[in-house]
Structure formats: C-alpha cells, structure tokens
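Asks: Handing you this structure, nothing more for now.
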Protein chains: 2
Amino acid sequence: MLTRRALLDSALHVFAASGFEAASTRTIAAGAGVRQSQLTYHFDSKDVLWRAAVDHLFGRFDHELIAAIEPGPDDPASLFARSIRALVRAVSRLPELNRIMVHEATGDSERLAWIVESHVRARFEQLETLWRALRASGATTLDAEPVIIYYTILGAASLLYVNAAEARRLVRSDPSHDVIDDALIEAHADTLVAMLLGPSRPSARARTVKRG
Amino acid sequence: MLTRRALLDSALHVFAASGFEAASTRTIAAGAGVRQSQLTYHFDSKDVLWRAAVDHLFGRFDHELIAAIEPGPDDPASLFARSIRALVRAVSRLPELNRIMVHEATGDSERLAWIVESHVRARFEQLETLWRALRASGATTLDAEPVIIYYTILGAASLLYVNAAEARRLVRSDPSHDVIDDALIEAHADTLVAMLLGPSRPSARARTVKRG
DNA sequence: GTCTATAATTAGATAGAC
DNA sequence: GTCTATCTAATTATAGAC
C-alpha cells in the first residue's frame, strides 16, 4: 500500500510533465523506486493508473484549497475575493493539476470526458454559483457568461505556474532565489482580485509577506 | 516546396494536439498526405521539423494579430484595449500556438530555451512597453510586475481556446452550433478589457456581431 | 523528390520464479 | 508483493531503388 501511494505521487508528476502518451511507465516506476511490473500489479494498466493519479491529485488540490482560504465575513464580495486568493495559492502550490488539464483538454478523448464528468463539472458549477451571488450583490460591473468567467479566471490564475519554467527563463535574475516566491504569488492574487472586484481589497495575508 | 508547407501545417496541428514526444512523425506525414521518409528529406530530424513548425506558427500568429487589430486613436488606453481585443481574437483563431507553449513550458528543456529566446522574449517586452505606457497614462489603477501582468493577461485570453474541447463538454447545448463562436469571442474580449481598464470601452467590432 | 524496406530503440503488457 | 525476462507493437532514423 506504500508502493501504491509512491506510484501515485510519481505518476502525478510524470503525467503533468509529459502528458499521458509521452509518459513512460518505466519512468513513473523509477520515480517511485520500484520496477515497471509493479505498476500493472497495483493498477491494471497505464490508463487505470492515470485515473487513480488524477483522483489522487484532485484530492490533494482540495486540501491545498481549503488550507489556503482565509477566514472572513461571508458577504458575496469578501467570499469571492477570498476564494480567488485561495485559488491562486492552490494552483501555485500544485501546478500539476492544471498541467494535466491542459495536456488532456487540447483534444477530445475518453480521458477528457471522464475527467470533466468526474471532477471538472462540479467545480465549474461551484464557481458559477459564487459568480451569480457576486453579480446579484452588485459588487462587480462585469457581465459575461459563466464559461467566459470560468476560463478567464482560471487562465489568469494558473498560467504563471503552469508555465513556470518559461517564466523563470523570462525573468531570471538572481539564480539563487526563485522569482516565483510567496511575495509574487500574493501580488498575483492581489492583481486578480483587483481586476475582478476593483482596487482596495487587501488580504489579511498580504501584509504579513515581504513584497518584491 | 509544396510538400514542405503541407508538412509544416500538419506538424503544427499534431505537435499542438500531442506535444513533441507523443507526436508521431508518421501521423504528421499522413496529415500532409506523404510518406514518413519525406520528413527526414525536407527536415533533418523531428527536432528540426519542430523548430520549423514553431517558426511557421509564430509567423501565422503575427498575421492573425495584425488582421485582428482595429484602427483607432493612439492614446495608451485605446491602443492597449485594441491590442487586448486583437490578442483574444488571434489566440481564438490559432490556439495551436498557446497549446504548444503549455506543452513545452511545463518543464525546462533545450526546446523551451530556444522558443523563449527566438520568439517569446520579444513579445514579453512588447507587452511590458505597452503596459508601462498605460500605467504612465493613469488609465489603470492596477499595479504589478510585468511577469504577473503578462501571464495573467495571456492566461485569461488563451485558456478558453487552449482547452476548447473541455469548454465544449462543459456547456454543450445545441450540438449543431459551436458554443465558441464569434459572439462569445467578442464577449470574452469585452470582459478582459473591462477587467483591465474598467467598464465602458466598447469596440467597433462588438456592435456588428450578434450577441449570444 | 518520392518511394519501399528495414535497422535500432523503446513502449506497454505479460509470464512465471520466489 | 516484488522481481527478472520477454512478447508484441510502436517509435525515429536510415539505406537505397527509381
């Protein structure tokens, strides 16, 4: 059962880095410190492993998301702002989820159908509800269909971390210090909240982090 | 030379759909209607073909971008708004570019280094200049480092089209009509401009397109 | 310039010992 | 539950006829 967990963690990273087809089961096994044949013992096939790894990944993501949300008042604007901040923090800590999504969503497939119905649709509808409450409260003047809001927010929140290797090449300055640090992540969250709700909605956490 | 062009177009689609490693040279050749060995005749290797396809793709993207920009006054705010609208239109018409970028940028590599220095850095600096002019004009209250602005805007503009297959599954209603149509793209551009510059900056094109 | 044929490597999956 | 060894099929690249 320990091997199983090690395989899931390794699979998560390899699938995120390479996509399903380019990911080698031997590489995944090596990352877990076991032989390739262990993989078909604990999981029936590469496809079954992929689904298990994605379930595992969404579970970890939910954990990150809950850990990242700050307490605060439950009016729609505050709730929305705190949700956006938590989203930015979670995708920055677990970029593997959004990497797997872009790998799979570039074309239609059985795997995409499965991941949409198993994991994505519920989250889409959750944001839709949050957005409708925000609109009804009058806290935003933005008006667009949910699908536009969903992909605009998710893209704005995730691309910096999905493409982190590119971002590091674009702005590399001091090699000893990662440019994608907590201060940058909080500044990013601030920017996205300001874009969606207007200026002057400081977070509780922003003041405790040094700004770059 | 006609075969060469056909191979480039096919390669562009296959690399965007699958990523470099998972893309098969036989599939690319089949897409161009020729044999696999033609590929090593016109290009030395899969890697050389990839670079040529990416050059070709950025060329086509520039063409889309220029075609999508509307005439208008050249004050920073108008210039910025029209640039954002053109960006949304271009990425919607050629999502292959951003798909290839996410495939490559999930991890560091020789190919990533090449694409950043050959194509991305100049565009990054172009947006940086445009952004500084906008800031100086006082047309936005948003304040963030260029790398945050770059990935927030690009992610917000591109994810809907990069993940188009997923978006179609999320909102499928009438199967005979694509949900990602011109009206949705213009509404998306409107939303992004409003997020960056505030409400009430209608485009010339928005009024000529039926809204969903 | 395009083709057929194939070499060399690697992939996922399986068999069977322990 | 883990291992070694191997099967079958797919991959990129190459050789050489026309």
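Here's how to read the names in the structure tokens: chain A, B, ... by the order shown, residue numbers from 1 in each chain, ligand numbers from 1 in the order shown.
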Could you work out which residues of chain C fall inside 8 Å of chain A? Count only C-alpha atoms (C1' of nucleotides), and format the result as a ChimeraX atom specification.
Replies: /C:11-13
Asks: With a cut-off of 12 Å, could you pull out the residues of chain D touching chain B and give me the nearest pair of atoms for each, distance in Å to one decimal, using only C-alpha atoms (C1' of nucleotides), ordered by chain and ascending number, as a tab-separated table?
Replies:
residue	atom	partner	partner_atom	distance
D:DA10	C1'	B:Ser24	CA	9.7
D:DT11	C1'	B:Ser24	CA	7.6
D:DT12	C1'	B:Thr25	CA	7.9
D:DA13	C1'	B:Thr40	CA	8.0
D:DT14	C1'	B:Ser37	CA	9.2
D:DA15	C1'	B:Ser37	CA	11.3
Asks: Specify as a PyMOL selection string all residues of chain A found within 7 Å of chain B, counting only C-alpha atoms.
Replies: chain A and resi 17+21-22+99+102-103+105-108+121+142+144+148+151-153+155-157+159-160+162-166+170+187-188+191+195-196
Asks: Just list as a ChimeraX atom specification whatever in region 12-163 of chain A DSSP marks as alpha helix (DSSP H).
Replies: /A:12-18,25-32,37-42,46-68,76-93,95-105,110-115,121-137,146-162
Asks: Go through A:Val34, A:Leu8, A:Ala183, A:Leu94 and flag the residue nearest DG1 (chain D), using only C-alpha atoms (C1' of nucleotides) for the distances.
Replies: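 Smallest distance to DG1 (chain D) is found for A:Val34.
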Asks: When you look at DC18 (chain C) with a cut-off of 12 Å (counting only C-alpha atoms (C1' of nucleotides)), what residues show up, excluding the ones that are within fewer than 6 positions of it in the same chain? I need them as a list in words.
Replies: DG1, DT2, DC3 and DT4 of chain D
Asks: Got a sec: who's within 10 Å of Arg132 (chain B), counting only C-alpha atoms (C1' of nucleotides), leaving out chain neighbours fewer than 5 positions off, as a list in words?
Replies: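 Close residues of Arg132 (chain B): Pro76, Leu127, Ser137 and Pro146 of chain B.
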Asks: At what distance in Å, to one decimal, does CA of Glu64 (chain A) lie from CA of Gln38 (chain A)?
Replies: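 Separating CA of Gln38 (chain A) from CA of Glu64 (chain A) is a distance of 29.3 Å.
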Asks: To one decimal place, how far is CA of His13 (chain A) from CA of Leu57 (chain A) in Å?
Replies: 9.8 Å
Asks: One decimal, Å: what's the distance from CA of Thr129 (chain A) over to CA of His177 (chain B), could you say?
Replies: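 Taking CA of Thr129 (chain A) as the start and CA of His177 (chain B) as the end point, the length is 25.5 Å.
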